[in-house]
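Below is my_file_26.cif, holding mmCIF, C-alpha atoms and all ligand atoms.
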data_my_file
#
loop_
_atom_site.group_PDB
_atom_site.id
_atom_site.type_symbol
_atom_site.label_atom_id
_atom_site.label_comp_id
_atom_site.auth_asym_id
_atom_site.auth_seq_id
_atom_site.Cartn_x
_atom_site.Cartn_y
_atom_site.Cartn_z
ATOM 1 C CA MET F 1 -17.933 3.006 -18.796
ATOM 2 C CA ASP F 2 -14.537 2.059 -20.224
ATOM 3 C CA PRO F 3 -15.037 -1.093 -22.335
ATOM 4 C CA GLU F 4 -11.466 -2.195 -21.518
ATOM 5 C CA LEU F 5 -12.145 -2.283 -17.790
ATOM 6 C CA PRO F 6 -14.085 -5.072 -16.037
ATOM 7 C CA GLY F 7 -17.285 -4.799 -14.011
ATOM 8 C CA ASP F 8 -20.686 -3.326 -14.601
ATOM 9 C CA GLU F 9 -20.007 -0.179 -12.598
ATOM 10 C CA SER F 10 -18.086 2.732 -13.989
ATOM 11 C CA TRP F 11 -16.028 2.959 -10.813
ATOM 12 C CA LEU F 12 -12.666 2.883 -12.582
ATOM 13 C CA VAL F 13 -11.658 5.606 -15.001
ATOM 14 C CA LYS F 14 -8.314 5.843 -16.753
ATOM 15 C CA THR F 15 -6.258 8.840 -15.671
ATOM 16 C CA GLU F 16 -3.094 9.331 -17.713
ATOM 17 C CA GLY F 17 -3.534 5.690 -18.778
ATOM 18 C CA VAL F 18 -3.972 4.257 -15.273
ATOM 19 C CA PRO F 19 -7.352 3.008 -13.956
ATOM 20 C CA LEU F 20 -8.196 4.957 -10.816
ATOM 21 C CA PRO F 21 -11.399 5.187 -8.779
ATOM 22 C CA ARG F 22 -13.778 7.550 -10.552
ATOM 23 C CA GLN F 23 -13.922 9.891 -7.545
ATOM 24 C CA THR F 24 -10.134 10.269 -7.601
ATOM 25 C CA THR F 25 -10.214 11.015 -11.311
ATOM 26 C CA GLU F 26 -12.872 13.683 -10.817
ATOM 27 C CA LYS F 27 -10.601 15.480 -8.339
ATOM 28 C CA TRP F 28 -7.471 14.878 -10.396
ATOM 29 C CA ASP F 29 -6.593 18.529 -11.048
ATOM 30 C CA GLN F 30 -6.650 19.276 -7.341
ATOM 31 C CA ILE F 31 -4.680 16.128 -6.467
ATOM 32 C CA SER F 32 -2.078 16.735 -9.130
ATOM 33 C CA ALA F 33 -1.587 20.339 -7.974
ATOM 34 C CA PHE F 34 -1.026 19.202 -4.375
ATOM 35 C CA GLN F 35 1.778 21.182 -2.728
ATOM 36 C CA ALA F 36 4.273 18.960 -0.953
ATOM 37 C CA ARG F 37 6.550 20.447 1.705
ATOM 38 C CA PRO F 38 10.284 19.647 1.860
ATOM 39 C CA ASP F 39 9.947 17.857 5.212
ATOM 40 C CA ASP F 40 7.048 15.621 4.120
ATOM 41 C CA LEU F 41 7.615 11.895 4.265
ATOM 42 C CA LEU F 42 5.635 9.948 1.695
ATOM 43 C CA ILE F 43 4.735 6.286 2.099
ATOM 44 C CA CYS F 44 4.043 4.690 -1.277
ATOM 45 C CA THR F 45 2.737 1.217 -2.058
ATOM 46 C CA PHE F 46 0.666 -0.734 -4.527
ATOM 47 C CA PRO F 47 -2.546 -1.473 -2.541
ATOM 48 C CA LYS F 48 -2.331 -4.514 -0.237
ATOM 49 C CA SER F 49 1.454 -4.541 0.039
ATOM 50 C CA GLY F 50 1.527 -3.872 3.796
ATOM 51 C CA THR F 51 0.898 -0.113 3.759
ATOM 52 C CA SER F 52 -0.574 -0.059 7.253
ATOM 53 C CA TRP F 53 2.372 -2.089 8.550
ATOM 54 C CA ILE F 54 5.000 0.376 7.320
ATOM 55 C CA GLN F 55 2.807 3.330 8.378
ATOM 56 C CA GLU F 56 2.725 1.998 11.937
ATOM 57 C CA ILE F 57 6.478 1.378 11.999
ATOM 58 C CA VAL F 58 7.226 4.887 10.712
ATOM 59 C CA ASP F 59 4.814 6.496 13.152
ATOM 60 C CA ILE F 60 6.398 4.786 16.155
ATOM 61 C CA ILE F 61 9.927 5.684 15.030
ATOM 62 C CA LEU F 62 8.944 9.316 14.552
ATOM 63 C CA HIS F 63 7.435 9.312 18.056
ATOM 64 C CA GLY F 64 10.719 8.037 19.483
ATOM 65 C CA GLY F 65 9.195 4.668 20.353
ATOM 66 C CA ASP F 66 6.322 6.127 22.405
ATOM 67 C CA LEU F 67 3.661 3.491 21.709
ATOM 68 C CA GLN F 68 0.953 5.248 23.699
ATOM 69 C CA LYS F 69 1.186 8.387 21.574
ATOM 70 C CA CYS F 70 0.713 6.298 18.443
ATOM 71 C CA ASP F 71 -2.232 4.399 19.857
ATOM 72 C CA GLN F 72 -4.433 7.478 20.153
ATOM 73 C CA LEU F 73 -5.792 7.523 16.611
ATOM 74 C CA PRO F 74 -6.611 4.844 14.019
ATOM 75 C CA ILE F 75 -3.824 4.379 11.522
ATOM 76 C CA TYR F 76 -5.858 5.816 8.626
ATOM 77 C CA GLU F 77 -6.283 9.109 10.498
ATOM 78 C CA ARG F 78 -2.583 9.587 11.180
ATOM 79 C CA SER F 79 -1.313 9.950 7.626
ATOM 80 C CA PRO F 80 -3.630 11.394 4.968
ATOM 81 C CA PHE F 81 -4.179 9.268 1.874
ATOM 82 C CA ILE F 82 -3.631 12.047 -0.645
ATOM 83 C CA GLU F 83 -5.648 10.777 -3.618
ATOM 84 C CA LEU F 84 -8.597 9.490 -1.574
ATOM 85 C CA PHE F 85 -11.826 11.318 -2.148
ATOM 86 C CA LEU F 86 -15.192 10.105 -0.846
ATOM 87 C CA PRO F 87 -18.330 12.186 -1.223
ATOM 88 C CA LYS F 88 -20.490 10.964 1.704
ATOM 89 C CA PRO F 89 -19.403 11.820 4.316
ATOM 90 C CA VAL F 90 -16.846 13.956 2.542
ATOM 91 C CA VAL F 91 -13.302 12.685 2.940
ATOM 92 C CA SER F 92 -10.603 14.454 0.992
ATOM 93 C CA GLY F 93 -7.009 13.333 1.456
ATOM 94 C CA VAL F 94 -5.731 16.549 -0.075
ATOM 95 C CA ASP F 95 -7.749 18.732 2.305
ATOM 96 C CA GLU F 96 -6.699 16.646 5.300
ATOM 97 C CA ALA F 97 -3.046 16.915 4.300
ATOM 98 C CA GLU F 98 -3.275 20.664 3.719
ATOM 99 C CA ALA F 99 -4.737 21.168 7.188
ATOM 100 C CA MET F 100 -1.971 19.144 8.824
ATOM 101 C CA PRO F 101 1.017 20.811 10.501
ATOM 102 C CA SER F 102 4.526 19.794 9.439
ATOM 103 C CA PRO F 103 6.274 17.443 9.545
ATOM 104 C CA ARG F 104 3.668 15.323 7.763
ATOM 105 C CA VAL F 105 3.591 11.640 6.904
ATOM 106 C CA LEU F 106 1.447 11.113 3.815
ATOM 107 C CA LYS F 107 0.274 7.995 2.027
ATOM 108 C CA THR F 108 -0.266 7.252 -1.642
ATOM 109 C CA HIS F 109 -0.847 4.287 -3.935
ATOM 110 C CA LEU F 110 -0.132 6.314 -7.070
ATOM 111 C CA PRO F 111 2.343 5.010 -9.651
ATOM 112 C CA ALA F 112 5.523 7.124 -9.767
ATOM 113 C CA PRO F 113 4.660 8.940 -13.034
ATOM 114 C CA LEU F 114 1.330 10.119 -11.595
ATOM 115 C CA LEU F 115 2.700 11.481 -8.336
ATOM 116 C CA PRO F 116 1.956 15.207 -7.864
ATOM 117 C CA PRO F 117 5.106 16.870 -9.272
ATOM 118 C CA SER F 118 5.736 18.964 -6.156
ATOM 119 C CA PHE F 119 6.952 15.823 -4.292
ATOM 120 C CA TRP F 120 9.836 15.513 -6.766
ATOM 121 C CA LYS F 121 10.523 19.268 -6.790
ATOM 122 C CA GLN F 122 10.654 19.451 -2.997
ATOM 123 C CA ASN F 123 12.932 16.396 -2.918
ATOM 124 C CA CYS F 124 10.738 14.745 -0.256
ATOM 125 C CA LYS F 125 11.874 11.493 1.312
ATOM 126 C CA MET F 126 9.776 8.511 0.317
ATOM 127 C CA ILE F 127 9.472 4.914 1.495
ATOM 128 C CA TYR F 128 8.207 2.396 -1.045
ATOM 129 C CA LEU F 129 7.083 -1.041 0.171
ATOM 130 C CA ALA F 130 6.640 -3.780 -2.443
ATOM 131 C CA ARG F 131 5.133 -7.265 -2.074
ATOM 132 C CA ASN F 132 5.344 -10.235 -4.412
ATOM 133 C CA VAL F 133 2.624 -10.252 -7.051
ATOM 134 C CA LYS F 134 1.083 -13.591 -6.079
ATOM 135 C CA ASP F 135 0.364 -12.683 -2.460
ATOM 136 C CA ASN F 136 -0.551 -9.168 -3.565
ATOM 137 C CA ALA F 137 -3.198 -10.519 -5.952
ATOM 138 C CA VAL F 138 -4.731 -12.797 -3.296
ATOM 139 C CA SER F 139 -4.806 -10.016 -0.733
ATOM 140 C CA THR F 140 -6.426 -7.649 -3.248
ATOM 141 C CA PHE F 141 -9.041 -10.252 -4.161
ATOM 142 C CA ASN F 142 -10.041 -10.681 -0.512
ATOM 143 C CA PHE F 143 -10.003 -6.935 0.090
ATOM 144 C CA HIS F 144 -12.460 -6.460 -2.775
ATOM 145 C CA ARG F 145 -14.724 -9.014 -1.095
ATOM 146 C CA MET F 146 -14.798 -7.216 2.253
ATOM 147 C CA ASN F 147 -14.570 -3.553 1.159
ATOM 148 C CA LYS F 148 -18.097 -2.480 0.332
ATOM 149 C CA LEU F 149 -16.887 0.604 -1.556
ATOM 150 C CA LEU F 150 -15.165 -1.641 -4.110
ATOM 151 C CA PRO F 151 -16.961 -3.836 -6.633
ATOM 152 C CA ASN F 152 -17.341 -7.531 -5.872
ATOM 153 C CA PRO F 153 -14.302 -9.287 -7.381
ATOM 154 C CA GLY F 154 -16.381 -12.178 -8.731
ATOM 155 C CA ASP F 155 -14.607 -15.353 -9.663
ATOM 156 C CA TRP F 156 -10.911 -15.733 -8.663
ATOM 157 C CA ASN F 157 -9.759 -16.941 -12.096
ATOM 158 C CA ASN F 158 -11.199 -13.940 -13.921
ATOM 159 C CA PHE F 159 -10.053 -11.589 -11.209
ATOM 160 C CA LEU F 160 -6.479 -12.849 -11.465
ATOM 161 C CA GLU F 161 -6.429 -12.293 -15.223
ATOM 162 C CA ASP F 162 -7.728 -8.746 -14.802
ATOM 163 C CA PHE F 163 -5.258 -8.038 -12.008
ATOM 164 C CA ILE F 164 -2.252 -9.230 -14.001
ATOM 165 C CA ALA F 165 -3.411 -7.332 -17.096
ATOM 166 C CA GLY F 166 -3.594 -4.113 -15.030
ATOM 167 C CA ARG F 167 -7.378 -3.845 -15.255
ATOM 168 C CA CYS F 168 -7.739 -3.276 -11.491
ATOM 169 C CA TRP F 169 -7.365 -0.080 -9.501
ATOM 170 C CA TYR F 170 -3.938 1.534 -9.835
ATOM 171 C CA GLY F 171 -3.294 -0.422 -13.007
ATOM 172 C CA SER F 172 -0.414 -2.760 -13.622
ATOM 173 C CA TRP F 173 1.385 -4.098 -10.546
ATOM 174 C CA PHE F 174 4.464 -4.559 -12.788
ATOM 175 C CA ASP F 175 4.491 -0.930 -13.925
ATOM 176 C CA HIS F 176 4.035 0.163 -10.322
ATOM 177 C CA VAL F 177 6.900 -1.772 -8.722
ATOM 178 C CA CYS F 178 9.215 -1.093 -11.690
ATOM 179 C CA GLY F 179 8.320 2.605 -11.929
ATOM 180 C CA TRP F 180 9.206 3.183 -8.287
ATOM 181 C CA TRP F 181 12.306 0.977 -8.631
ATOM 182 C CA GLU F 182 13.532 3.256 -11.393
ATOM 183 C CA ALA F 183 12.563 6.412 -9.490
ATOM 184 C CA LYS F 184 14.885 5.526 -6.621
ATOM 185 C CA ASN F 185 17.843 6.047 -8.969
ATOM 186 C CA HIS F 186 17.257 9.790 -8.950
ATOM 187 C CA HIS F 187 15.377 10.418 -5.724
ATOM 188 C CA PRO F 188 15.709 9.704 -1.958
ATOM 189 C CA ILE F 189 13.518 6.594 -1.857
ATOM 190 C CA LEU F 190 13.946 3.706 0.564
ATOM 191 C CA TYR F 191 12.660 0.668 -1.367
ATOM 192 C CA LEU F 192 11.604 -2.168 0.943
ATOM 193 C CA PHE F 193 10.131 -5.627 0.453
ATOM 194 C CA TYR F 194 7.299 -7.171 2.468
ATOM 195 C CA GLU F 195 9.091 -10.516 2.387
ATOM 196 C CA ASP F 196 12.247 -9.033 3.978
ATOM 197 C CA MET F 197 10.131 -7.417 6.681
ATOM 198 C CA LYS F 198 8.559 -10.783 7.483
ATOM 199 C CA GLU F 199 11.903 -12.541 7.514
ATOM 200 C CA ASN F 200 13.842 -10.033 9.582
ATOM 201 C CA PRO F 201 11.671 -7.209 10.919
ATOM 202 C CA ALA F 202 14.376 -5.803 13.215
ATOM 203 C CA GLN F 203 16.811 -5.400 10.320
ATOM 204 C CA GLU F 204 14.221 -3.644 8.118
ATOM 205 C CA ILE F 205 13.007 -1.389 10.934
ATOM 206 C CA ARG F 206 16.618 -0.359 11.538
ATOM 207 C CA LYS F 207 16.886 0.588 7.843
ATOM 208 C CA VAL F 208 13.786 2.776 8.171
ATOM 209 C CA ALA F 209 15.158 4.479 11.281
ATOM 210 C CA GLU F 210 18.494 5.185 9.579
ATOM 211 C CA PHE F 211 16.705 6.587 6.537
ATOM 212 C CA LEU F 212 14.727 8.900 8.834
ATOM 213 C CA ARG F 213 17.902 9.706 10.804
ATOM 214 C CA PHE F 214 16.559 8.380 14.091
ATOM 215 C CA GLU F 215 18.618 6.351 16.509
ATOM 216 C CA LEU F 216 16.896 3.378 18.095
ATOM 217 C CA SER F 217 18.093 1.626 21.231
ATOM 218 C CA GLU F 218 17.932 -2.168 21.180
ATOM 219 C CA LEU F 219 15.094 -1.999 23.705
ATOM 220 C CA VAL F 220 12.971 0.371 21.600
ATOM 221 C CA LEU F 221 13.746 -1.657 18.488
ATOM 222 C CA SER F 222 12.498 -4.850 20.079
ATOM 223 C CA GLN F 223 9.378 -3.039 21.331
ATOM 224 C CA ILE F 224 8.640 -1.847 17.788
ATOM 225 C CA VAL F 225 9.148 -5.370 16.430
ATOM 226 C CA GLN F 226 6.646 -6.722 18.956
ATOM 227 C CA HIS F 227 4.111 -3.932 18.569
ATOM 228 C CA THR F 228 4.082 -4.168 14.765
ATOM 229 C CA ALA F 229 4.043 -7.968 14.533
ATOM 230 C CA PHE F 230 1.006 -9.225 12.634
ATOM 231 C CA LYS F 231 -0.645 -10.665 15.755
ATOM 232 C CA SER F 232 -0.290 -7.401 17.660
ATOM 233 C CA MET F 233 -1.575 -5.237 14.805
ATOM 234 C CA LYS F 234 -4.496 -7.603 14.254
ATOM 235 C CA ALA F 235 -5.454 -7.324 17.936
ATOM 236 C CA ASN F 236 -4.993 -3.548 18.084
ATOM 237 C CA GLU F 237 -8.124 -1.494 17.324
ATOM 238 C CA MET F 238 -5.968 1.414 16.189
ATOM 239 C CA THR F 239 -4.368 -0.657 13.439
ATOM 240 C CA ASN F 240 -6.870 -3.370 12.483
ATOM 241 C CA PHE F 241 -9.463 -1.121 10.784
ATOM 242 C CA THR F 242 -12.349 -2.455 12.896
ATOM 243 C CA THR F 243 -13.121 1.156 13.879
ATOM 244 C CA LEU F 244 -14.626 1.678 10.410
ATOM 245 C CA PRO F 245 -18.305 0.732 10.081
ATOM 246 C CA SER F 246 -19.186 -2.658 8.563
ATOM 247 C CA SER F 247 -20.993 -0.771 5.773
ATOM 248 C CA ILE F 248 -17.464 0.105 4.577
ATOM 249 C CA LEU F 249 -15.288 -2.819 5.711
ATOM 250 C CA ASP F 250 -17.173 -6.027 6.406
ATOM 251 C CA HIS F 251 -14.860 -8.056 8.625
ATOM 252 C CA SER F 252 -17.357 -10.933 8.712
ATOM 253 C CA VAL F 253 -16.450 -11.597 5.053
ATOM 254 C CA SER F 254 -12.668 -11.301 5.446
ATOM 255 C CA SER F 255 -10.400 -9.437 7.882
ATOM 256 C CA TYR F 256 -8.312 -6.443 6.891
ATOM 257 C CA MET F 257 -5.528 -8.129 8.893
ATOM 258 C CA ARG F 258 -6.256 -11.380 7.088
ATOM 259 C CA LYS F 259 -3.230 -13.728 6.988
ATOM 260 C CA GLY F 260 -0.142 -11.520 7.015
ATOM 261 C CA THR F 261 2.128 -14.201 5.548
ATOM 262 C CA VAL F 262 4.361 -14.904 2.567
ATOM 263 C CA GLY F 263 3.080 -17.803 0.466
ATOM 264 C CA ASP F 264 -0.667 -17.731 1.167
ATOM 265 C CA TRP F 265 -1.032 -17.588 -2.648
ATOM 266 C CA LYS F 266 -0.365 -21.347 -2.736
ATOM 267 C CA LYS F 267 -3.869 -21.946 -1.356
ATOM 268 C CA HIS F 268 -5.437 -19.989 -4.227
ATOM 269 C CA PHE F 269 -3.313 -20.493 -7.344
ATOM 270 C CA THR F 270 -3.469 -23.576 -9.517
ATOM 271 C CA VAL F 271 -0.108 -24.930 -10.689
ATOM 272 C CA ALA F 272 -0.924 -23.640 -14.182
ATOM 273 C CA GLN F 273 -1.693 -20.126 -12.888
ATOM 274 C CA SER F 274 1.535 -20.071 -10.904
ATOM 275 C CA GLU F 275 3.642 -21.172 -13.873
ATOM 276 C CA TRP F 276 1.879 -18.720 -16.192
ATOM 277 C CA LEU F 277 2.636 -15.877 -13.787
ATOM 278 C CA ASP F 278 6.258 -16.977 -13.305
ATOM 279 C CA THR F 279 6.768 -16.635 -17.061
ATOM 280 C CA ILE F 280 5.255 -13.143 -17.084
ATOM 281 C CA CYS F 281 7.376 -12.118 -14.087
ATOM 282 C CA ALA F 282 10.589 -13.369 -15.718
ATOM 283 C CA GLN F 283 9.884 -11.135 -18.681
ATOM 284 C CA LYS F 284 8.428 -8.039 -17.017
ATOM 285 C CA LEU F 285 10.791 -7.856 -14.044
ATOM 286 C CA LYS F 286 13.956 -8.432 -16.088
ATOM 287 C CA ASN F 287 15.286 -4.952 -15.312
ATOM 288 C CA GLY F 288 13.288 -4.414 -12.146
ATOM 289 C CA PRO F 289 13.249 -5.647 -8.559
ATOM 290 C CA SER F 290 13.506 -9.335 -7.585
ATOM 291 C CA PHE F 291 10.806 -10.876 -5.445
ATOM 292 C CA ARG F 292 10.587 -13.943 -3.257
ATOM 293 C CA THR F 293 7.249 -15.764 -3.167
ATOM 294 C CA GLN F 294 8.168 -17.980 -0.216
ATOM 295 C CA LEU F 295 10.559 -17.793 2.718
HETATM 296 P P1 LIG G 1 -3.131 -10.292 3.662
HETATM 297 O O1 LIG G 1 -4.431 -9.956 3.046
HETATM 298 O O2 LIG G 1 -2.287 -11.177 2.791
HETATM 299 O O3 LIG G 1 -3.255 -10.847 5.036
HETATM 300 P P2 LIG G 1 -2.348 -2.815 3.124
HETATM 301 O O4 LIG G 1 -2.115 -2.289 4.498
HETATM 302 O O5 LIG G 1 -1.438 -2.263 2.090
HETATM 303 O O6 LIG G 1 -3.785 -2.749 2.758
HETATM 304 O O7 LIG G 1 -1.950 -4.357 3.162
HETATM 305 C C1 LIG G 1 -2.735 -5.308 3.842
HETATM 306 C C2 LIG G 1 -1.973 -6.603 3.845
HETATM 307 O O8 LIG G 1 -0.828 -6.469 4.700
HETATM 308 C C3 LIG G 1 -2.804 -7.744 4.410
HETATM 309 O O9 LIG G 1 -2.300 -8.935 3.805
HETATM 310 C C4 LIG G 1 -2.434 -7.651 5.892
HETATM 311 O O10 LIG G 1 -2.700 -8.820 6.626
HETATM 312 C C5 LIG G 1 -0.930 -7.404 5.760
HETATM 313 N N1 LIG G 1 -0.361 -6.840 6.985
HETATM 314 C C6 LIG G 1 -0.780 -5.752 7.659
HETATM 315 N N2 LIG G 1 -0.059 -5.578 8.770
HETATM 316 C C7 LIG G 1 0.843 -6.584 8.804
HETATM 317 C C8 LIG G 1 1.884 -6.967 9.730
HETATM 318 N N3 LIG G 1 2.088 -6.290 10.826
HETATM 319 N N4 LIG G 1 2.627 -8.053 9.420
HETATM 320 C C9 LIG G 1 2.407 -8.754 8.293
HETATM 321 N N5 LIG G 1 1.434 -8.457 7.392
HETATM 322 C C10 LIG G 1 0.659 -7.387 7.655
#
Would you give me this structure, written as structure tokens?
Amino acid sequence: MDPELPGDESWLVKTEGVPLPRQTTEKWDQISAFQARPDDLLICTFPKSGTSWIQEIVDIILHGGDLQKCDQLPIYERSPFIELFLPKPVVSGVDEAEAMPSPRVLKTHLPAPLLPPSFWKQNCKMIYLARNVKDNAVSTFNFHRMNKLLPNPGDWNNFLEDFIAGRCWYGSWFDHVCGWWEAKNHHPILYLFYEDMKENPAQEIRKVAEFLRFELSELVLSQIVQHTAFKSMKANEMTNFTTLPSSILDHSVSSYMRKGTVGDWKKHFTVAQSEWLDTICAQKLKNGPSFRTQL
């Protein structure tokens, strides 16, 4: 067990300085040697930033707006999560990706410096979706409560401190959003914000389509906006994660599609916690992206 990491389980192990689930670390050589293909599209996020939302949008665009084609498989089966490894029953993101025909859409939560090098070498297109740290922390806290593969988050105050100090999975949120922000200066990365997607989904979906070089009619665009709205994704079995057993995701504790808003953090943060975090953000995001915490 790493004495710097919280919890009584040795589920997090530092890999190249970043705490990752132990099972990912054990397969690190295989993950790091993963062979990307030039036509791969990689979706990258810090966990709980709206990964499933952008995955669904991308999938529909790539299927030319054919919603029925997209609704045939749960979202987590459509784009392999490259660093995921679970022993029982065996799930290996790398193996799933290798078995998949091109063109592939892949998912990762890895920080930019830990990405398998072949993605950079092959010059793959990537979409990064970032979410403000306050809502991200609250969403992560609730996800830890309902995901039975993750340790119980315990008390909110302690959890928040650990999260901000980078003692949670995937390490520092600040390093993550800033590392990918920097990476877009030398790589084809579309960097999006959750808050912009909430404010003007049609505009952001258009950006994604242009990046993927797909033309969308106004009709298809409005269908995608409707189909990927929070309410629709929450009601859709193929996107709401209720197809996983409750021994993995316990929706009676909290839903995967929980609130889907900007500003839910206000119900959890004290004024002191909010001000403390604002000071840290001002310092750590000085040369990085700017976030809105309310609309
Ligand atoms: P909340 O817990 O704040 O509700 P990820 O897919 O990366 O795990 O992110 C999950 C978060 O994104 C959850 O946030 C979830 O509700 C939100 N989300 C998922 N789909 C969404 C959508 N279509 N619109 C808005 N938020 C969405």
Listed atoms of segment 272-290 of chain F boxed along x, y and z, 3 Å each side, centre and edge lengths in Å, one decimal, as AutoDock Vina command-line options:
--center_x 6.8 --center_y -14.0 --center_z -13.1 --size_x 23.0 --size_y 25.2 --size_z 17.1
Within 10 Å of ligand LIG 1 (chain G), which residues of chain F show up? Give each one with its shortest atom-to-atom distance in Å (one decimal) and the two atoms involved, counting all atoms listed in the file, rows by chain then rising residue number, as a tab-separated table.
residue	atom	partner	partner_atom	distance
F:Cys44	CA	G:LIG1	O5	9.5
F:Thr45	CA	G:LIG1	O5	6.8
F:Phe46	CA	G:LIG1	O5	7.1
F:Pro47	CA	G:LIG1	O5	4.8
F:Lys48	CA	G:LIG1	O5	3.4
F:Ser49	CA	G:LIG1	O5	4.2
F:Gly50	CA	G:LIG1	O7	3.6
F:Thr51	CA	G:LIG1	O5	3.6
F:Ser52	CA	G:LIG1	O4	3.9
F:Trp53	CA	G:LIG1	N2	4.3
F:Ile54	CA	G:LIG1	N2	7.9
F:Gln55	CA	G:LIG1	O4	8.4
F:Glu56	CA	G:LIG1	N3	8.4
F:Ile57	CA	G:LIG1	N3	8.9
F:Ile75	CA	G:LIG1	O4	9.8
F:Tyr76	CA	G:LIG1	O4	9.8
F:His109	CA	G:LIG1	O5	8.9
F:Leu129	CA	G:LIG1	O5	8.8
F:Ala130	CA	G:LIG1	O5	9.4
F:Arg131	CA	G:LIG1	O8	9.1
F:Lys134	CA	G:LIG1	O2	9.8
F:Asp135	CA	G:LIG1	O2	6.1
F:Asn136	CA	G:LIG1	O2	6.9
F:Ala137	CA	G:LIG1	O2	8.8
F:Val138	CA	G:LIG1	O2	6.8
F:Ser139	CA	G:LIG1	O1	3.8
F:Thr140	CA	G:LIG1	O1	7.0
F:Phe141	CA	G:LIG1	O1	8.6
F:Asn142	CA	G:LIG1	O1	6.7
F:Phe143	CA	G:LIG1	O1	7.0
F:Tyr194	CA	G:LIG1	N5	7.8
F:Glu195	CA	G:LIG1	C9	9.1
F:Met197	CA	G:LIG1	C9	8.0
F:Lys198	CA	G:LIG1	C9	6.5
F:Pro201	CA	G:LIG1	N4	9.2
F:Val225	CA	G:LIG1	N3	9.1
F:Gln226	CA	G:LIG1	N3	9.3
F:His227	CA	G:LIG1	N3	8.3
F:Thr228	CA	G:LIG1	N3	4.9
F:Ala229	CA	G:LIG1	N3	4.5
F:Phe230	CA	G:LIG1	N3	3.6
F:Lys231	CA	G:LIG1	N3	7.1
F:Ser232	CA	G:LIG1	N3	7.3
F:Met233	CA	G:LIG1	N3	5.5
F:Lys234	CA	G:LIG1	N2	7.3
F:Thr239	CA	G:LIG1	N2	8.0
F:Asn240	CA	G:LIG1	N2	8.1
F:Phe241	CA	G:LIG1	O4	9.7
F:Ser254	CA	G:LIG1	O1	8.7
F:Ser255	CA	G:LIG1	O1	7.7
F:Tyr256	CA	G:LIG1	C4	6.1
F:Met257	CA	G:LIG1	O10	3.7
F:Arg258	CA	G:LIG1	O3	3.7
F:Lys259	CA	G:LIG1	O3	3.5
F:Gly260	CA	G:LIG1	N5	3.5
F:Thr261	CA	G:LIG1	O2	6.0
F:Val262	CA	G:LIG1	O2	7.6
F:Gly263	CA	G:LIG1	O2	8.8
F:Asp264	CA	G:LIG1	O2	6.9
F:Trp265	CA	G:LIG1	O2	8.5
For the structure provided, state which residues fall under the PyMOL selection byres (((chain F and resi 95) around 12) and not hetatm), and present them as a PyMOL selection string. chain F and resi 27+30-31+34-35+80-86+90-94+96-100
Between F:Arg104, F:Leu150, F:Leu114, F:Trp180, single out the one closest to Asp29 of chain F, counting all atoms listed in the file.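 Residue with the minimum atom-to-atom distance to Asp29 of chain F: F:Leu114.
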Evaluated on this file, the PyMOL selection byres (((chain F and resi 25) around 12) and not hetatm) picks out some residues - which ones are they, written as a PyMOL selection string? chain F and resi 10-24+26-32+83-86+110+114+169-170
Which residues, named as in the file, does the PyMOL selection byres (((chain F and resi 155) around 12) and not hetatm) pick out? Answer as a PyMOL selection string. chain F and resi 7+141-142+144-145+152-154+156-162+268
Report as a PyMOL selection string all protein, DNA and RNA residues lying within 8 Å of Gly179 of chain F, evaluated on all atoms listed in the file, omitting residues in the same chain fewer than 2 positions from it. chain F and resi 111-113+175-177+181-183
Take the residues from that selection and write them out as an mmCIF file, in the coordinates of the input, keeping C-alpha atoms.
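Result went into again-v5.cif, see below:
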data_model
loop_
_atom_site.group_PDB
_atom_site.id
_atom_site.type_symbol
_atom_site.label_atom_id
_atom_site.label_comp_id
_atom_site.auth_asym_id
_atom_site.auth_seq_id
_atom_site.Cartn_x
_atom_site.Cartn_y
_atom_site.Cartn_z
ATOM 1 C CA PRO F 111 2.343 5.010 -9.651
ATOM 2 C CA ALA F 112 5.523 7.124 -9.767
ATOM 3 C CA PRO F 113 4.660 8.940 -13.034
ATOM 4 C CA ASP F 175 4.491 -0.930 -13.925
ATOM 5 C CA HIS F 176 4.035 0.163 -10.322
ATOM 6 C CA VAL F 177 6.900 -1.772 -8.722
ATOM 7 C CA TRP F 181 12.306 0.977 -8.631
ATOM 8 C CA GLU F 182 13.532 3.256 -11.393
ATOM 9 C CA ALA F 183 12.563 6.412 -9.490
#
What separation in Å, quoted to one decimal, exists between atom CA of Gln294 of chain F and atom CA of Trp173 of chain F? 18.6 Å
Atom CA of Glu204 of chain F and atom CA of Leu192 of chain F, how far apart in Å?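 Straight-line distance from atom CA of Leu192 of chain F to atom CA of Glu204 of chain F works out to 7.8 Å.
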Given all atoms listed in the file as the counted atoms, nearest of F:Tyr191, F:Ile164, F:Val220, F:Ile205 to Gln273 of chain F: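 Nearest candidate to Gln273 of chain F out of F:Tyr191, F:Ile164, F:Val220, F:Ile205: F:Ile164.
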Measure the distance from atom CA of Lys267 of chain F to atom CA of Ser290 of chain F in Å and round it to one decimal.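 These two atoms are separated by 22.4 Å.
Here the question is which of F:Leu115, F:Ala272, F:Ile224, F:Leu41 gets nearest to Phe211 of chain F using all atoms listed in the file, and that residue is F:Leu41.
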Ranking F:Met146, F:Val133, F:Val58, F:Ala36 by minimum distance to Pro245 of chain F and counting only C-alpha atoms, which one comes first? F:Met146
From the list F:Lys88, F:Lys107, F:Pro117, F:Gln68, the nearest residue to Ala33 of chain F using all atoms listed in the file is F:Pro117
Pick from F:Ile127, F:Leu212, F:Ile280, F:Leu149 nearest to Gly64 of chain F, counting only C-alpha atoms: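 Checking each candidate against Gly64 of chain F, we get F:Leu212 as the closest.
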